[in-house]
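*Asks:* Sharing start_5.txt here; it has compact mmCIF, C-alpha atoms.
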# COMPACT_ATOMS: atom_id res chain seq x y z
CA MET A 1363 163.55 61.48 240.39
CA SER A 1364 161.91 59.06 237.95
CA PHE A 1365 161.46 55.42 238.80
CA SER A 1366 163.65 54.23 235.90
CA TRP A 1367 166.52 56.54 236.82
CA TYR A 1368 166.36 55.57 240.52
CA PHE A 1369 166.26 51.85 239.81
CA SER A 1370 169.12 52.15 237.28
CA LYS A 1371 171.32 53.79 239.90
CA LYS A 1372 170.49 51.12 242.48
CA ILE A 1373 171.48 48.20 240.26
CA GLY A 1374 174.35 50.09 238.65
CA PHE A 1375 176.06 51.35 241.81
CA GLY A 1376 174.56 49.11 244.47
CA LYS A 1377 176.34 46.25 246.19
CA THR A 1378 174.33 43.66 244.30
CA SER A 1379 176.13 44.50 241.09
CA ARG A 1380 179.56 43.91 242.56
CA ASN A 1381 179.13 40.19 243.07
CA HIS A 1382 177.07 39.61 239.98
CA LEU A 1383 178.02 36.81 237.59
CA SER A 1384 178.14 39.27 234.71
CA ARG A 1385 181.00 41.34 236.13
CA THR A 1386 183.53 39.82 233.71
CA ILE A 1387 181.38 40.79 230.74
CA ILE A 1388 180.94 44.26 232.22
CA ARG A 1389 184.73 44.67 232.58
CA ILE A 1390 185.21 43.65 228.95
CA GLY A 1391 182.65 46.26 227.89
CA GLN A 1392 184.36 48.94 229.96
CA VAL A 1393 187.77 48.08 228.49
CA ALA A 1394 186.28 48.32 224.98
CA VAL A 1395 184.82 51.73 225.80
CA ALA A 1396 188.16 52.91 227.22
CA ILE A 1397 190.03 51.76 224.10
CA GLY A 1398 187.43 53.44 221.89
CA ILE A 1399 187.79 56.77 223.72
CA ILE A 1400 191.60 56.55 223.59
CA VAL A 1401 191.63 55.84 219.85
CA ALA A 1402 189.03 58.55 219.13
CA LEU A 1403 190.82 61.28 221.08
CA VAL A 1404 194.31 60.37 219.86
CA THR A 1405 193.16 60.08 216.24
CA LEU A 1406 191.25 63.37 216.28
CA SER A 1407 193.96 65.24 218.17
CA THR A 1408 196.81 64.15 215.92
CA GLY A 1409 194.72 64.44 212.75
CA ILE A 1410 193.55 67.98 213.50
CA GLY A 1411 197.02 68.86 214.73
CA ALA A 1412 198.65 67.63 211.51
CA ARG A 1413 196.17 69.52 209.32
CA LYS A 1414 196.63 72.74 211.28
CA GLU A 1415 200.43 72.52 211.34
CA ILE A 1416 200.82 71.72 207.64
CA LYS A 1417 198.44 74.50 206.61
CA GLN A 1418 200.19 76.89 208.99
CA LYS A 1419 203.60 76.02 207.54
CA LEU A 1420 202.40 76.61 203.99
CA ALA A 1421 200.87 79.93 204.96
CA ASP A 1422 203.69 81.19 207.19
CA PHE A 1423 206.33 80.54 204.54
CA ASN A 1424 204.41 81.59 201.45
CA GLY A 1425 201.58 83.74 202.80
CA HIS A 1426 197.97 82.85 203.56
CA ILE A 1427 197.03 84.76 200.42
CA THR A 1428 199.41 85.83 197.64
CA ILE A 1429 198.95 88.66 195.15
CA LYS A 1430 200.64 88.52 191.78
CA PRO A 1431 200.13 89.88 188.24
CA TYR A 1432 197.27 88.28 186.35
CA ASN A 1433 198.86 86.55 183.35
CA THR A 1434 199.48 83.11 181.90
CA ASN A 1435 203.23 83.11 182.55
CA LEU A 1436 204.16 79.74 184.11
CA SER A 1437 207.72 80.82 184.97
CA LEU A 1438 208.81 80.96 188.59
CA ASP A 1439 210.23 84.43 187.94
CA SER A 1440 208.07 87.32 189.09
CA ASP A 1441 206.51 89.90 186.81
CA SER A 1442 206.64 93.44 188.11
CA ILE A 1443 204.06 95.44 190.05
CA ARG A 1444 204.69 99.14 190.35
CA LEU A 1445 204.46 100.97 193.68
CA PRO A 1446 203.04 102.96 195.39
CA LEU A 1447 199.74 101.20 195.94
CA SER A 1448 196.96 102.18 198.31
CA TYR A 1449 197.09 98.80 200.11
CA TYR A 1450 200.82 98.59 200.76
CA PRO A 1451 202.30 98.51 203.36
CA GLN A 1452 198.92 98.67 205.18
CA PHE A 1453 196.15 96.50 203.72
CA PRO A 1454 192.65 97.94 204.37
CA LEU A 1455 190.96 94.77 205.64
CA PRO A 1456 190.43 93.94 209.34
CA GLU A 1457 191.13 90.24 208.66
CA VAL A 1458 194.65 91.03 207.38
CA GLU A 1459 197.42 91.09 210.00
CA HIS A 1460 200.41 91.74 207.76
CA ILE A 1461 201.44 92.25 204.14
CA GLN A 1462 204.95 92.04 202.70
CA ALA A 1463 206.39 92.55 199.24
CA ILE A 1464 208.34 89.81 197.47
CA ALA A 1465 210.01 89.10 194.13
CA THR A 1466 211.42 85.81 192.87
CA LYS A 1467 214.21 85.07 190.41
CA SER A 1468 215.39 81.65 189.31
CA GLY A 1469 219.11 81.02 189.30
CA ILE A 1470 221.84 78.43 189.74
CA ILE A 1471 224.07 77.87 192.75
CA ARG A 1472 227.52 77.03 191.46
CA THR A 1473 230.44 75.70 193.44
CA GLU A 1474 233.66 73.95 192.45
CA ASP A 1475 232.08 70.55 192.94
CA ALA A 1476 228.38 70.94 192.09
CA PHE A 1477 225.60 73.15 190.78
CA ASP A 1478 221.82 73.16 191.10
CA GLY A 1479 218.85 75.34 190.22
CA VAL A 1480 217.20 77.34 193.02
CA LEU A 1481 214.86 80.29 193.44
CA LEU A 1482 215.95 83.53 195.05
CA LYS A 1483 213.01 84.96 196.99
CA GLY A 1484 213.62 88.64 197.60
CA VAL A 1485 211.97 90.36 200.56
CA ASP A 1486 212.15 93.91 201.88
CA GLU A 1487 212.17 95.63 205.25
CA ASN A 1488 208.57 94.53 205.90
CA PHE A 1489 209.58 90.84 206.00
CA ASP A 1490 207.87 89.22 209.02
CA ARG A 1491 210.92 87.97 210.91
CA SER A 1492 208.94 86.73 213.93
CA ARG A 1493 206.70 84.55 211.77
CA PHE A 1494 209.72 82.99 210.04
CA GLN A 1495 211.59 82.39 213.31
CA LYS A 1496 209.92 78.98 213.83
CA PHE A 1497 211.67 77.66 210.70
CA LEU A 1498 215.15 78.83 211.69
CA ARG A 1499 217.47 76.00 212.73
CA LYS A 1500 220.79 77.79 212.85
CA GLY A 1501 222.14 81.32 212.63
CA GLU A 1502 220.07 84.48 212.36
CA ILE A 1503 217.56 86.11 210.05
CA PRO A 1504 219.21 88.87 208.00
CA VAL A 1505 218.04 92.46 208.35
CA PHE A 1506 216.91 94.06 205.10
CA ASN A 1507 216.48 97.78 204.51
CA LYS A 1508 216.41 100.26 201.63
CA GLU A 1509 219.54 102.09 202.71
CA LYS A 1510 221.97 99.31 201.87
CA ILE A 1511 221.69 96.16 199.81
CA SER A 1512 222.43 93.01 201.82
CA ASN A 1513 224.29 89.95 200.54
CA GLU A 1514 223.19 87.86 203.53
CA VAL A 1515 220.67 85.10 202.79
CA LEU A 1516 218.74 82.25 204.35
CA VAL A 1517 219.16 78.81 202.82
CA SER A 1518 217.40 75.56 203.63
CA GLU A 1519 219.15 72.82 205.54
CA LYS A 1520 218.89 70.60 202.46
CA ILE A 1521 220.56 73.15 200.18
CA ALA A 1522 223.24 73.77 202.81
CA ARG A 1523 223.89 70.03 203.09
CA ASN A 1524 224.04 69.54 199.32
CA PHE A 1525 226.64 72.29 198.92
CA PHE A 1526 228.47 71.71 202.23
CA MET A 1527 227.49 75.13 203.55
CA ASP A 1528 227.33 76.43 207.08
CA ILE A 1529 226.82 79.79 208.76
CA ASP A 1530 229.10 82.43 207.18
CA SER A 1531 229.70 80.25 204.11
CA THR A 1532 229.81 82.14 200.83
CA PHE A 1533 228.60 80.98 197.43
CA VAL A 1534 227.88 82.27 193.94
CA MET A 1535 224.53 82.34 192.18
CA VAL A 1536 224.19 82.76 188.43
CA PHE A 1537 221.15 84.54 186.94
CA VAL A 1538 220.02 85.40 183.45
CA ASN A 1539 217.99 88.52 182.73
CA GLU A 1540 215.75 87.35 179.90
CA GLN A 1541 214.46 90.87 179.38
CA SER A 1542 217.95 92.11 178.55
CA ALA A 1543 218.94 92.33 174.90
CA ASN A 1544 222.17 90.35 175.29
CA ALA A 1545 220.82 88.02 178.08
CA ARG A 1546 224.27 87.73 179.62
CA PRO A 1547 224.64 85.79 182.89
CA VAL A 1548 224.71 87.84 186.09
CA TYR A 1549 226.81 86.65 189.05
CA ARG A 1550 226.02 87.43 192.67
CA ASN A 1551 227.99 86.52 195.78
CA PHE A 1552 225.96 85.62 198.87
CA LYS A 1553 226.77 84.83 202.48
CA VAL A 1554 224.77 82.35 204.56
CA LYS A 1555 223.33 84.12 207.59
CA GLY A 1556 220.79 81.50 208.63
CA ILE A 1557 219.66 77.95 207.86
CA TYR A 1558 215.96 77.03 207.91
CA VAL A 1559 213.83 73.87 207.71
CA THR A 1560 210.14 73.67 206.77
CA ASP A 1561 209.96 69.90 206.05
CA ILE A 1562 208.03 70.78 202.87
CA ALA A 1563 210.03 69.75 199.80
CA GLU A 1564 208.50 72.48 197.62
CA PHE A 1565 210.27 75.02 199.84
CA ASP A 1566 213.35 73.23 201.18
CA ASP A 1567 214.50 72.07 197.76
CA LEU A 1568 214.22 75.45 196.13
CA TYR A 1569 214.18 78.68 198.11
CA VAL A 1570 217.02 81.00 199.01
CA ILE A 1571 215.70 84.08 200.85
CA GLY A 1572 217.53 87.35 200.39
CA ASP A 1573 217.25 91.06 199.71
CA ILE A 1574 214.60 92.07 197.16
CA GLN A 1575 217.01 94.68 195.79
CA HIS A 1576 219.05 91.90 194.17
CA VAL A 1577 216.03 90.78 192.14
CA GLN A 1578 215.26 94.41 191.22
CA ARG A 1579 218.80 95.01 189.96
CA ILE A 1580 219.04 91.71 188.06
CA ASN A 1581 215.71 92.41 186.33
CA GLN A 1582 216.67 96.08 185.81
CA TRP A 1583 213.65 97.22 187.78
CA GLY A 1584 213.32 100.42 189.71
CA VAL A 1585 213.18 100.53 193.49
CA ASN A 1586 209.40 101.00 193.24
CA GLN A 1587 208.83 97.68 191.46
CA VAL A 1588 208.10 94.38 193.21
CA GLY A 1589 206.99 90.92 192.10
CA GLY A 1590 203.98 90.39 194.36
CA PHE A 1591 202.71 90.41 197.91
CA GLU A 1592 202.15 87.89 200.69
CA ILE A 1593 199.19 88.51 202.97
CA PHE A 1594 198.81 86.98 206.44
CA VAL A 1595 195.44 86.72 208.17
CA GLU A 1596 194.51 86.21 211.80
CA ASN A 1597 193.15 82.66 211.61
CA ILE A 1598 194.41 80.11 209.09
CA GLU A 1599 191.64 77.67 210.10
CA ALA A 1600 188.99 80.12 208.95
CA ASP A 1601 187.69 79.94 205.38
CA LEU A 1602 190.09 82.08 203.35
CA ASN A 1603 187.91 82.21 200.23
CA PRO A 1604 185.71 85.13 201.46
CA VAL A 1605 188.88 87.06 202.37
CA LYS A 1606 190.36 86.23 198.96
CA LEU A 1607 187.28 87.64 197.23
CA LYS A 1608 187.56 90.87 199.23
CA VAL A 1609 191.26 91.12 198.39
CA ASN A 1610 190.53 90.63 194.68
CA ASP A 1611 187.96 93.44 194.83
CA ILE A 1612 190.59 95.80 196.29
CA ILE A 1613 193.61 94.99 194.12
CA GLY A 1614 191.96 95.47 190.73
CA TYR A 1615 191.59 93.54 187.48
CA ASN A 1616 195.28 93.26 186.53
CA LEU A 1617 196.27 91.38 189.70
CA VAL A 1618 194.99 88.13 191.20
CA ALA A 1619 194.87 86.83 194.78
CA GLU A 1620 195.23 83.11 195.57
CA THR A 1621 195.15 81.23 198.87
CA ALA A 1622 197.90 78.89 200.01
CA MET A 1623 195.58 75.94 199.32
CA ASP A 1624 195.02 77.19 195.76
CA LEU A 1625 198.75 77.19 195.14
CA PHE A 1626 199.39 73.82 196.77
CA ALA A 1627 196.33 71.84 195.74
CA ASP A 1628 198.23 68.53 195.84
CA ILE A 1629 199.02 69.01 199.53
CA GLU A 1630 195.38 69.91 200.21
CA GLU A 1631 194.30 66.69 198.50
CA TRP A 1632 196.73 64.77 200.71
CA ILE A 1633 195.23 66.44 203.80
CA ASN A 1634 191.72 65.48 202.61
CA VAL A 1635 192.79 61.85 202.23
CA PHE A 1636 194.21 62.03 205.75
CA ASP A 1637 190.84 63.34 207.02
CA LEU A 1638 189.07 60.43 205.30
CA ASN A 1639 191.34 57.94 207.07
CA ILE A 1640 190.53 59.58 210.40
CA PHE A 1641 186.81 59.24 209.71
CA ILE A 1642 187.20 55.55 208.81
CA ILE A 1643 189.17 54.81 212.01
CA LEU A 1644 186.61 56.61 214.17
CA PHE A 1645 183.74 54.80 212.45
CA ILE A 1646 185.34 51.37 212.98
CA MET A 1647 186.06 52.08 216.66
CA LEU A 1648 182.51 53.31 217.18
CA ILE A 1649 181.13 50.09 215.68
CA VAL A 1650 183.38 48.00 217.95
CA VAL A 1651 182.27 49.89 221.07
CA ILE A 1652 178.59 49.68 220.10
CA ILE A 1653 178.78 45.92 219.43
CA ASN A 1654 180.44 45.38 222.82
CA MET A 1655 177.81 47.42 224.64
CA ILE A 1656 174.99 45.63 222.81
CA MET A 1657 176.42 42.29 223.94
CA VAL A 1658 176.73 43.56 227.51
CA LEU A 1659 173.14 44.82 227.51
CA LEU A 1660 171.78 41.57 226.07
CA ILE A 1661 173.60 39.54 228.71
CA LEU A 1662 172.30 41.83 231.46
CA ILE A 1663 168.74 41.52 230.18
CA LEU A 1664 168.90 37.72 229.90
CA GLU A 1665 170.51 37.41 233.30
CA ARG A 1666 167.86 39.58 234.96
CA THR A 1667 164.84 38.10 233.22
CA TYR A 1668 163.25 37.22 236.58
CA SER A 1669 163.69 40.81 237.86
CA ILE A 1670 162.13 42.16 234.66
CA ALA A 1671 159.13 39.88 235.16
CA ILE A 1672 158.67 41.14 238.73
CA LEU A 1673 158.86 44.77 237.60
CA LYS A 1674 156.23 44.13 234.93
CA THR A 1675 154.04 42.33 237.46
CA LEU A 1676 154.26 45.36 239.77
CA GLY A 1677 152.96 47.59 236.97
CA SER A 1678 156.02 48.82 235.09
CA ASN A 1679 155.50 49.14 231.35
CA ASN A 1680 158.00 48.02 228.73
CA TRP A 1681 159.43 51.51 228.15
CA GLN A 1682 160.13 52.05 231.86
CA VAL A 1683 162.01 48.76 232.08
CA GLN A 1684 163.87 49.50 228.83
CA LYS A 1685 165.05 52.83 230.23
CA ILE A 1686 166.32 51.07 233.37
CA PHE A 1687 168.62 48.83 231.36
CA ILE A 1688 169.71 51.51 228.90
CA ASN A 1689 170.66 53.75 231.82
CA TYR A 1690 172.37 50.78 233.45
CA ALA A 1691 174.45 50.17 230.31
CA LEU A 1692 175.40 53.85 230.15
CA PHE A 1693 176.46 53.75 233.82
CA ILE A 1694 178.69 50.80 232.92
CA MET A 1695 180.30 52.94 230.21
CA LEU A 1696 181.26 55.76 232.59
CA PRO A 1697 184.30 54.10 234.27
CA GLY A 1698 185.59 53.05 230.86
CA MET A 1699 185.13 56.57 229.51
CA LEU A 1700 186.89 58.08 232.53
CA LEU A 1701 189.83 55.70 232.20
CA GLY A 1702 190.01 56.27 228.44
CA ASN A 1703 190.07 60.05 228.88
CA ILE A 1704 192.82 59.91 231.50
CA ILE A 1705 195.04 57.65 229.38
CA ALA A 1706 194.37 59.54 226.13
CA ILE A 1707 195.02 63.00 227.60
CA GLY A 1708 198.15 61.67 229.31
CA LEU A 1709 199.48 60.27 226.02
CA LEU A 1710 198.66 63.46 224.13
CA LEU A 1711 200.32 65.71 226.69
CA THR A 1712 203.40 63.48 226.69
CA GLN A 1713 203.65 63.74 222.90
CA LYS A 1714 202.99 67.48 222.94
CA TYR A 1715 205.76 68.33 225.37
CA PHE A 1716 208.31 65.58 224.65
CA GLY A 1717 207.66 64.69 220.98
CA ILE A 1718 208.33 60.98 221.47
CA ILE A 1719 206.70 59.84 218.21
CA GLN A 1720 208.72 61.04 215.21
CA LEU A 1721 207.51 61.07 211.61
CA PRO A 1722 209.39 60.99 208.28
CA PRO A 1723 209.04 64.61 207.08
CA GLU A 1724 209.42 63.63 203.43
CA ASN A 1725 206.07 61.82 203.72
CA TYR A 1726 204.17 63.85 206.32
CA PHE A 1727 205.70 67.37 206.00
CA ILE A 1728 206.30 67.38 209.78
CA GLU A 1729 209.03 65.92 212.00
CA LYS A 1730 206.93 64.71 214.92
CA ALA A 1731 203.31 63.76 215.44
CA PRO A 1732 201.52 67.03 216.23
CA VAL A 1733 198.93 67.31 218.98
CA PHE A 1734 195.85 69.51 219.15
CA ILE A 1735 194.05 69.40 222.51
CA SER A 1736 190.70 71.13 222.89
CA TRP A 1737 188.18 70.74 225.71
CA ASP A 1738 185.41 71.22 223.16
CA MET A 1739 186.72 68.24 221.19
CA ILE A 1740 187.02 66.09 224.34
CA LEU A 1741 183.49 66.96 225.48
CA LEU A 1742 182.12 66.36 222.00
CA VAL A 1743 183.71 62.88 221.78
CA ASN A 1744 182.39 61.87 225.18
CA ALA A 1745 178.92 63.33 224.76
CA GLY A 1746 178.67 61.91 221.25
CA SER A 1747 179.66 58.44 222.49
CA LEU A 1748 176.99 58.50 225.19
CA ILE A 1749 174.24 59.83 222.93
CA ILE A 1750 174.97 57.44 220.04
CA SER A 1751 175.22 54.48 222.44
CA ALA A 1752 171.92 55.42 224.11
CA ILE A 1753 170.17 55.54 220.73
CA ILE A 1754 171.68 52.27 219.47
CA LEU A 1755 170.94 50.46 222.75
CA LEU A 1756 167.24 51.01 222.13
CA ILE A 1757 167.38 48.13 219.64
CA PRO A 1758 168.59 45.32 221.96
CA SER A 1759 166.38 46.68 224.76
CA LEU A 1760 163.36 45.70 222.64
CA LEU A 1761 164.02 42.16 223.85
CA ILE A 1762 162.39 43.23 227.11
CA GLN A 1763 159.04 43.49 225.35
CA ARG A 1764 159.17 39.76 224.55
CA ILE A 1765 159.63 38.73 228.18
CA MET A 1766 156.29 37.43 229.54
CA PRO A 1767 156.05 37.73 233.36
CA ALA A 1768 154.18 34.45 233.83
CA LYS A 1769 156.69 32.36 231.89
CA ALA A 1770 159.74 34.16 233.30
CA MET A 1771 158.63 33.81 236.93
CA LYS A 1772 157.76 30.17 236.38
CA ILE A 1773 161.24 29.50 234.96
CA GLY A 1774 162.82 31.56 237.75
Could you render the structure from this file as structure tokens?
*Replies:*
Amino acid sequence: MSFSWYFSKKIGFGKTSRNHLSRTIIRIGQVAVAIGIIVALVTLSTGIGARKEIKQKLADFNGHITIKPYNTNLSLDSDSIRLPLSYYPQFPLPEVEHIQAIATKSGIIRTEDAFDGVLLKGVDENFDRSRFQKFLRKGEIPVFNKEKISNEVLVSEKIARNFFMDIDSTFVMVFVNEQSANARPVYRNFKVKGIYVTDIAEFDDLYVIGDIQHVQRINQWGVNQVGGFEIFVENIEADLNPVKLKVNDIIGYNLVAETAMDLFADIEEWINVFDLNIFIILFIMLIVVIINMIMVLLILILERTYSIAILKTLGSNNWQVQKIFINYALFIMLPGMLLGNIIAIGLLLTQKYFGIIQLPPENYFIEKAPVFISWDMILLVNAGSLIISAIILLIPSLLIQRIMPAKAMKIG
């Protein structure tokens, strides 16, 4: 054991430190460290949790990667893709977990009291019911198959509220087949089987999910024509761009693959702004903790000037004495870090399991503050705090070099 390490432990954990005049300053430093750890862990956990949950919602509802015809048509209505294709219903990439066919058709919900434009999203028997289950608030997810066309649909809670719908309610949608020569309106009766909520306005304001055969019949397509595909990968946090490039290589020149973040660039920009705010908060808290620890170290050095002079007289060089006080300051941080971790993890677990803090979904796309807890993140925050503090504390420890043993011992 080195001399500096041994001496640091003696003054840091020995009885002499308990009755020292600087104990109030030390407590203030420890409280600052505890607050810094709490803020860092809570900010990172909720920030990462929000980013993961929003991206997961976008991907689970609309696919991690979507495939559609390559054209300049800005309409929400799907163009047709003809089956069979070599990659459906089994996509030949190990990263892909699931693929499902879709087709969309814009229409109008009409009741006796109101009407509004919506988008019918048709899905087939490969619709991932388990992935959609998290959005379901009421009722059940309809079962779709090729044998019989289903009039059962899923509507958002907002659409249901606007038209006073509930489970088993029926309503009429009006469509226009623009490809038809006479372009006459087409009426379809639907029955509400389930009500969903995503908290994302782009979905909740617009989508009615039903049988793809309705879209095929309205557009006068054959049963082997669909509007596009939604692809789901194993890990949404992974970079989807390499997977997108592989998908584009497989599907050919007349189709294009886009990630969820490509389609919802405005939401991605919002997430990036959120990440910037997290960085600013962490930076400010780090500065506060460092300033507090610098003040603590300076006070400790000034208060133990006589001891420093004795150590130098006995042959210790400046670097050995500096290490003693840097280690001492880091030892002071440990109780604050421990307390901060306990409080922060307790708060995060409480929020995770009880959801006490609620958020306005129209602003944040989520109903409650999400929590992401990772031991890697916790260890990184703690180790990073210690390492950065140790490096920064080298600066105030340079004061030790200016302490002359003769003058200090004479004053003492």
*Asks:* Show me the residues around (202.4, 77.8, 208.5) - criterion: an atom at most 10 Å away, only C-alpha atoms counted - as a list in words.
*Replies:* Lys1414, Glu1415, Ile1416, Lys1417, Gln1418, Lys1419, Leu1420, Ala1421, Asp1422, Phe1423, Asn1424, Gly1425, His1426, Arg1493, Phe1494, Lys1496, Phe1497, Thr1560, Ile1598 and Ala1622 of chain A
*Asks:* So that each row is one residue of stretch 1459-1550 of chain A with an atom at most 10 Å from stretch 1576-1586 of chain A, can you give its shortest atom pair and the distance in Å to one decimal, using only C-alpha atoms, rows by chain and rising number, as CSV?
*Replies:*
residue,atom,partner,partner_atom,distance
A:Ile1464,CA,A:Val1577,CA,9.4
A:Ala1465,CA,A:Val1577,CA,6.6
A:Thr1466,CA,A:Val1577,CA,6.8
A:Lys1467,CA,A:Val1577,CA,6.2
A:Ser1468,CA,A:Val1577,CA,9.6
A:Leu1482,CA,A:Val1577,CA,7.8
A:Lys1483,CA,A:Val1577,CA,8.2
A:Gly1484,CA,A:Val1577,CA,6.3
A:Val1485,CA,A:Val1577,CA,9.4
A:Lys1508,CA,A:Val1585,CA,8.8
A:Ile1511,CA,A:His1576,CA,7.5
A:Ser1512,CA,A:His1576,CA,8.4
A:Asn1513,CA,A:His1576,CA,8.5
A:Phe1537,CA,A:Ile1580,CA,7.6
A:Val1538,CA,A:Ile1580,CA,7.9
A:Asn1539,CA,A:Asn1581,CA,5.8
A:Glu1540,CA,A:Asn1581,CA,8.2
A:Gln1541,CA,A:Asn1581,CA,7.2
A:Ser1542,CA,A:Asn1581,CA,8.1
A:Pro1547,CA,A:Ile1580,CA,9.7
A:Val1548,CA,A:Ile1580,CA,7.1
A:Tyr1549,CA,A:Ile1580,CA,9.3
A:Arg1550,CA,A:His1576,CA,8.4
*Asks:* Hey, which of A:Ala1463, A:Leu1602, A:Val1401, A:Val1505 ends up closest to A:Asp1624? Count only C-alpha atoms.
*Replies:*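 Using only C-alpha atoms, A:Asp1624 sits closest to A:Leu1602.
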*Asks:* Give me the residues within 10 Å of stretch 1472-1476 of chain A as a list in words, counting all atoms listed in the file and dropping any in the same chain fewer than 5 places off.
*Replies:*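 That gives Asn1524, Phe1525, Phe1526, Thr1532, Phe1533, Val1534, Met1535, Val1536 and Tyr1549 of chain A.
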*Asks:* Can I get the selection written as a PDB file, keeping the file's coordinate frame, with C-alpha atoms?
*Replies:*
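Output contents, as saved in again_8.pdb:
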ATOM      1  CA  ASN A1524     224.040  69.540 199.320  1.00  0.00           C
ATOM      2  CA  PHE A1525     226.640  72.290 198.920  1.00  0.00           C
ATOM      3  CA  PHE A1526     228.470  71.710 202.230  1.00  0.00           C
ATOM      4  CA  THR A1532     229.810  82.140 200.830  1.00  0.00           C
ATOM      5  CA  PHE A1533     228.600  80.980 197.430  1.00  0.00           C
ATOM      6  CA  VAL A1534     227.880  82.270 193.940  1.00  0.00           C
ATOM      7  CA  MET A1535     224.530  82.340 192.180  1.00  0.00           C
ATOM      8  CA  VAL A1536     224.190  82.760 188.430  1.00  0.00           C
ATOM      9  CA  TYR A1549     226.810  86.650 189.050  1.00  0.00           C
TER      10      TYR A1549
END
*Asks:* Which value, in Å to one decimal, gives the distance between atom CA of A:Ser1448 and atom CA of A:Asp1490?
*Replies:* 20.0 Å
*Asks:* At what distance in Å, to one decimal, does atom CA of A:Trp1737 lie from atom CA of A:Glu1457?
*Replies:* 26.1 Å
*Asks:* Work out how far atom CA of A:Ile1562 is from atom CA of A:Leu1721, in Å to one decimal.
*Replies:* 13.1 Å
*Asks:* Residues within 12 Å of A:Ile1427, please, as a ChimeraX atom specification. Count all atoms listed in the file; anything in the same chain fewer than 4 positions from it doesn't count.
*Replies:* /A:1420-1423,1457-1462,1590-1596,1598,1601-1610,1618-1626
*Asks:* Looking at only C-alpha atoms, which of A:Ile1574, A:Leu1756, A:Ser1531, A:Ala1627 is the one that sits closest to A:Lys1510?
*Replies:*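 Looking at the shortest contact to A:Lys1510, the residue is A:Ile1574.
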*Asks:* Can you tell me which residues surround A:Thr1408 at a distance of at most 9 Å, considering only C-alpha atoms, apart from same-chain residues fewer than 2 positions away, and format the answer as a list in words?
*Replies:*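 Selected residues are Leu1403, Val1404, Thr1405, Leu1406, Ile1410, Gly1411, Ala1412, Arg1413, Leu1710, Ala1731, Pro1732, Val1733, Phe1734 and Ile1735 of chain A.
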*Asks:* Please build the interface table for stretch 1678-1746 of chain A against stretch 1639-1660 of chain A with a cut-off of 10 Å, listing for each qualifying residue the nearest atom pair and the distance in Å to one decimal; count only C-alpha atoms, order rows by chain and increasing number, and write it as a Markdown table.
*Replies:*
| residue | atom | partner | partner_atom | distance |
| --- | --- | --- | --- | --- |
| A:Phe1687 | CA | A:Leu1659 | CA | 7.2 |
| A:Ile1688 | CA | A:Leu1659 | CA | 7.6 |
| A:Tyr1690 | CA | A:Leu1659 | CA | 8.4 |
| A:Ala1691 | CA | A:Leu1659 | CA | 6.2 |
| A:Leu1692 | CA | A:Met1655 | CA | 8.8 |
| A:Ile1694 | CA | A:Met1655 | CA | 9.0 |
| A:Met1695 | CA | A:Met1655 | CA | 8.2 |
*Asks:* Would you write out those residues with C-alpha atoms, as an mmCIF file, in the coordinates of the input?
*Replies:*
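Final output, saved to part-v3.cif:
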data_model
loop_
_atom_site.group_PDB
_atom_site.id
_atom_site.type_symbol
_atom_site.label_atom_id
_atom_site.label_comp_id
_atom_site.auth_asym_id
_atom_site.auth_seq_id
_atom_site.Cartn_x
_atom_site.Cartn_y
_atom_site.Cartn_z
ATOM 1 C CA PHE A 1687 168.620 48.830 231.360
ATOM 2 C CA ILE A 1688 169.710 51.510 228.900
ATOM 3 C CA TYR A 1690 172.370 50.780 233.450
ATOM 4 C CA ALA A 1691 174.450 50.170 230.310
ATOM 5 C CA LEU A 1692 175.400 53.850 230.150
ATOM 6 C CA ILE A 1694 178.690 50.800 232.920
ATOM 7 C CA MET A 1695 180.300 52.940 230.210
#
*Asks:* Using all atoms listed in the file, tabulate the residues of stretch 1572-1593 of chain A lying at most 6 Å from any atom of stretch 1442-1447 of chain A, each with its closest atom pair and that distance in Å to one decimal, by chain and increasing residue number, as CSV.
*Replies:*
residue,atom,partner,partner_atom,distance
A:Asn1586,CA,A:Leu1445,CA,5.0
A:Gln1587,CA,A:Arg1444,CA,4.5
A:Val1588,CA,A:Ile1443,CA,5.2
A:Gly1589,CA,A:Ser1442,CA,4.7
